[in-house]
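Trainee: I am attaching a structure below and will ask some questions about it afterwards.
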Amino acid sequence: MTIAALSELPELGVGMVHARGLEHLFGAGTVVEVEPQTSWHHHPPGEFTAPLDAFAQLAAGAGACLVHGVGDPFGSTIAAGPSFARAFAASVAALRPVWISEHLAFNRFGADDGVHATGFFMPPSQTRASAHAAATRIRELAHAMGTAVLFETGVSYLRPQPWELADGEYFAEVAEAADCGILLDLHNVWTNARNGRQPLDALFDAMPLDRVVELHVAGGVEHRGYWLDGHCGPTPAELRSIAERLVPRLGNLKAIVFELLPQFVDTVGTAAIHDELGWLERLWSRRGTDRAVQPKRRVGAPADPADAPSPAVWEQTLGGLLRGHIARDALARRLADDPAIGLYRELVARFRMGAIAEALPWTLRAIRRVDGPQGSHAALVEMLRGTTPEPFESTEALRFAEALARRPLAPLVRDALAIEHASLRALLDHRAQEIEVEHDPHALFEALAAGHAPRIGAPMRVTITP
Amino acid sequence: MEKPDLPHAAGRPVHISIPAKLAFDLVAMQKATASILGRLGCPACHSGFDLRWSIEDRFHIDADLKVHDVVGGRLG
């Protein structure tokens with residue numbers, strides 16, 4: 001999509017990322033950015049289904065809808081597959097977005113034992129080869145969907161490599177090769193700069209700012225000496241100042257979206273969220289008005305250096321390090337020296353534990369009740385050691401449940417697991433599940449919620465309906 | 001939380017039926033957030049900490065289904 005065509009996209013204004021339960025924060029006509037894969041089901045393996053009726057209802061109530069993909073990023077050399085693509089196309093048809101965006105990252109890698117998920121958006125190698133591979137995927141998606149497609153500027157906790165383009169040059173290379181718009185995630189690029197990557201002034205000078213169609217803002221947190229893109233609070237004051245200087249330069253800005261994870265709404269507070277949205281409205285009013293088409297620039301080196309790894313080798317190497325493999329070649333040894341590898345391992349493990357904690361909370365509480373506070377943690381860690389991540393949380397939880405069920409379990413843990421496992425299966429299979437337990441499910445939930453051990457009773461057959 | 005009537009049949013296991021969303025709705029009620037029912041898919045977009053494990057450790061509800069924050073007191 002040319003810059004002239006980008007300039008014709010409608011001006012939408014300020015919005016938020018959608019999450020169920022946060023609707024009370026959205027006024028009528030709010031711009032809503034939907035991450036469709038967060039509410040898909042992945043079952044049976046390899047099949048993906050989207051809640052199309054819910055999406056259509058959401059689109060009907062929103063001022064405007066944007067689709068923000070979180071499952072098939074443009075930086076991956078391995079695409080998600082045909083069932084995933086069908087579910088995505090159906091989601092787009094139901095949500096009728098003004099535009100679509102996805103991440104400039106990778107989330108899969110090939111290995112001797114097959115294709116695995118990273119469990120986290122990982123940075124691509126910033127080479128011309130990877131930029132052009134990503135651009136091809138962006139063009140293909142735009143053609144398939146018939147909708148404008150943007151890529152999001154990503155986070156990298158890694159040190160820059162000598163063969164790589166600087167962050168701004170890399171984003172420019174992708175945008176111009178794809179002839180597409182950019183979702184400039186200000187918190188992401190600020191995070192990168194704070195962690196020692198390209199400073200923001202140089203990054204903004206290198207990027208084709210006339211291609212920036214959407215901004216993301218968010219808050220983060222410091223951990224292990226890194227600033228993390230946590231989506232856990234309002235935009236920090238320093239980043240607000242940066243945004244206020246940048247936005248007047250953005251002649252084709254069409255939307256600004258605030259990202260906040262639902263689990264932080266209570267701690268941030270409704271007043272602070274409304275304050276953030278008020279600031280964003282003021283920021284929006286300062287957007288640039290110079291929509292003149294700028295000459296196309298060519299940036300970056302004419303060719304990648306000879307020692308630059310191919311995109312696939314980069315993915316395989318980083319993926320192997322995330323699994324804890326020993327660094328055997330020069331690239332792996334070089335990357336293994338980067339303390340960010342340890343950070344990524346920790347973040348991946350936390351994502352996996354979070355998925356299981358959310359999908360099987362009563363089982364974990366039962367383990368804690370029987371084995372003490374460290375019991376559920378130990379069970380999770382043991383499972384994480386032996387397996388690679390699953391991109392869908394239900395799959396991660398089912399696999400954990402099935403592994404746990406093969407172990408000798410106390411009656412309380414066995415029954416909590418049976419109830420939750422059957423509940424998940426009922427939802428995913430759309431079929432009633434029959435189990436036999438020795439605890440009444442209501443009594444079990446209430447007792448565990450209150451921190452007590454429920455009374456064991458006579459065997460009881462339970463039908464769990466979808 | 002509404003309980004179904006339990007059938008009493010001497011000599012046979014009691015058989016009850018519950019909706020799958022019961023477990024997840026109760027969790028959602030505790031955390032004052034959305035139900036998991038819409039969130040069995042990919043994680044949302046961010047590159048930070050996933051605190052759900054820690055949050056799950058933090059809340060419990062009493063027999064009246066009032067939510068308590070173990071760290072900060074009663075939520076409602």
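Identifiers in this document derive from the order of the structure tokens: chains are assigned A, B, ..., residues are numbered from 1 separately in each chain, and ligands are numbered from 1 in order of occurrence.
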Show me a table, sorted first by chain and then by increasing residue number, of the residues of chain A having an atom at most 6 Å from chain B, each with its shortest atom pair and the distance in Å to one decimal, counting only C-alpha atoms and written as a tab-separated table.
Mentor:
residue	atom	partner	partner_atom	distance
A:Arg20	CA	B:Ala34	CA	5.3
A:Gly21	CA	B:Ala34	CA	4.4
A:Gln37	CA	B:Cys42	CA	5.6
A:Thr38	CA	B:Gly41	CA	4.3
A:Ser39	CA	B:Gly38	CA	4.8
A:Trp40	CA	B:Gly41	CA	5.0
A:His41	CA	B:Gly41	CA	5.7
A:Leu228	CA	B:Gly48	CA	5.0
A:Asp229	CA	B:Gly48	CA	4.7
A:Gly230	CA	B:Gly48	CA	3.9
A:Arg350	CA	B:Asp50	CA	5.5
A:Phe351	CA	B:Asp50	CA	5.2
A:Gly354	CA	B:Trp53	CA	4.7
A:Ala357	CA	B:Trp53	CA	5.4
A:Pro391	CA	B:Cys42	CA	5.8
A:Phe392	CA	B:Cys42	CA	4.6
A:Glu393	CA	B:Leu40	CA	5.2
A:Ser394	CA	B:Leu40	CA	5.0
A:Ser423	CA	B:Ala20	CA	4.3
A:Ala449	CA	B:His60	CA	5.0
A:Ala450	CA	B:Asp62	CA	4.7
A:Pro459	CA	B:Pro13	CA	5.7
A:Met460	CA	B:Val14	CA	4.9
A:Arg461	CA	B:His15	CA	4.5
A:Val462	CA	B:Ile16	CA	5.0
A:Thr463	CA	B:Ser17	CA	4.5
A:Ile464	CA	B:Ile18	CA	5.0
A:Thr465	CA	B:Pro19	CA	4.8
A:Pro466	CA	B:Ala20	CA	5.5
Trainee: Please report, as a PyMOL selection string, each residue of stretch 208-420 of chain A to which DSSP assigns helix (DSSP H, G or I) when run on this structure's backbone.
Mentor: chain A and resi 209-211+237-249+262-268+270-284+311-322+330-336+340-359+361-371+373-386+393-405+411-420
Trainee: Please report the interatomic distance between atom CA of A:Arg352 and atom CA of A:Thr270 in Å with one decimal.
Mentor: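 Pair atom CA of A:Arg352 / atom CA of A:Thr270 returns 28.6 Å.
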Trainee: So that I can see what lies close to A:Ala59, please list as JSON, numbers by chain the residues with an atom at most 7 Å from it, counting only C-alpha atoms and leaving out residues fewer than 4 positions away in the same chain.
Mentor: {"A": [55, 65, 95, 96]}
Trainee: Could you please take those selected residues and save C-alpha atoms as a compact mmCIF listing (two decimals), in the first residue's frame?
Mentor:
# COMPACT_ATOMS: atom_id res chain seq x y z
CA PHE A 55 -16.48 -11.10 16.96
CA CYS A 65 -12.26 -2.26 14.88
CA LEU A 95 -14.48 -8.12 12.77
CA ARG A 96 -14.33 -6.01 9.57
Trainee: Excluding stretch 176-178 of chain A and its own-chain neighbours fewer than 3 positions away, which residues fall within 7 Å of it when counting only C-alpha atoms? Please give them as a VMD selection string.
Mentor: chain A and resid 132 135 to 136 138 to 139 172 to 173
Trainee: Just give me the gap between atom CA of A:Pro36 and atom CA of A:Glu358 in Å, one decimal is fine.
Mentor: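 These two atoms are separated by 18.6 Å.
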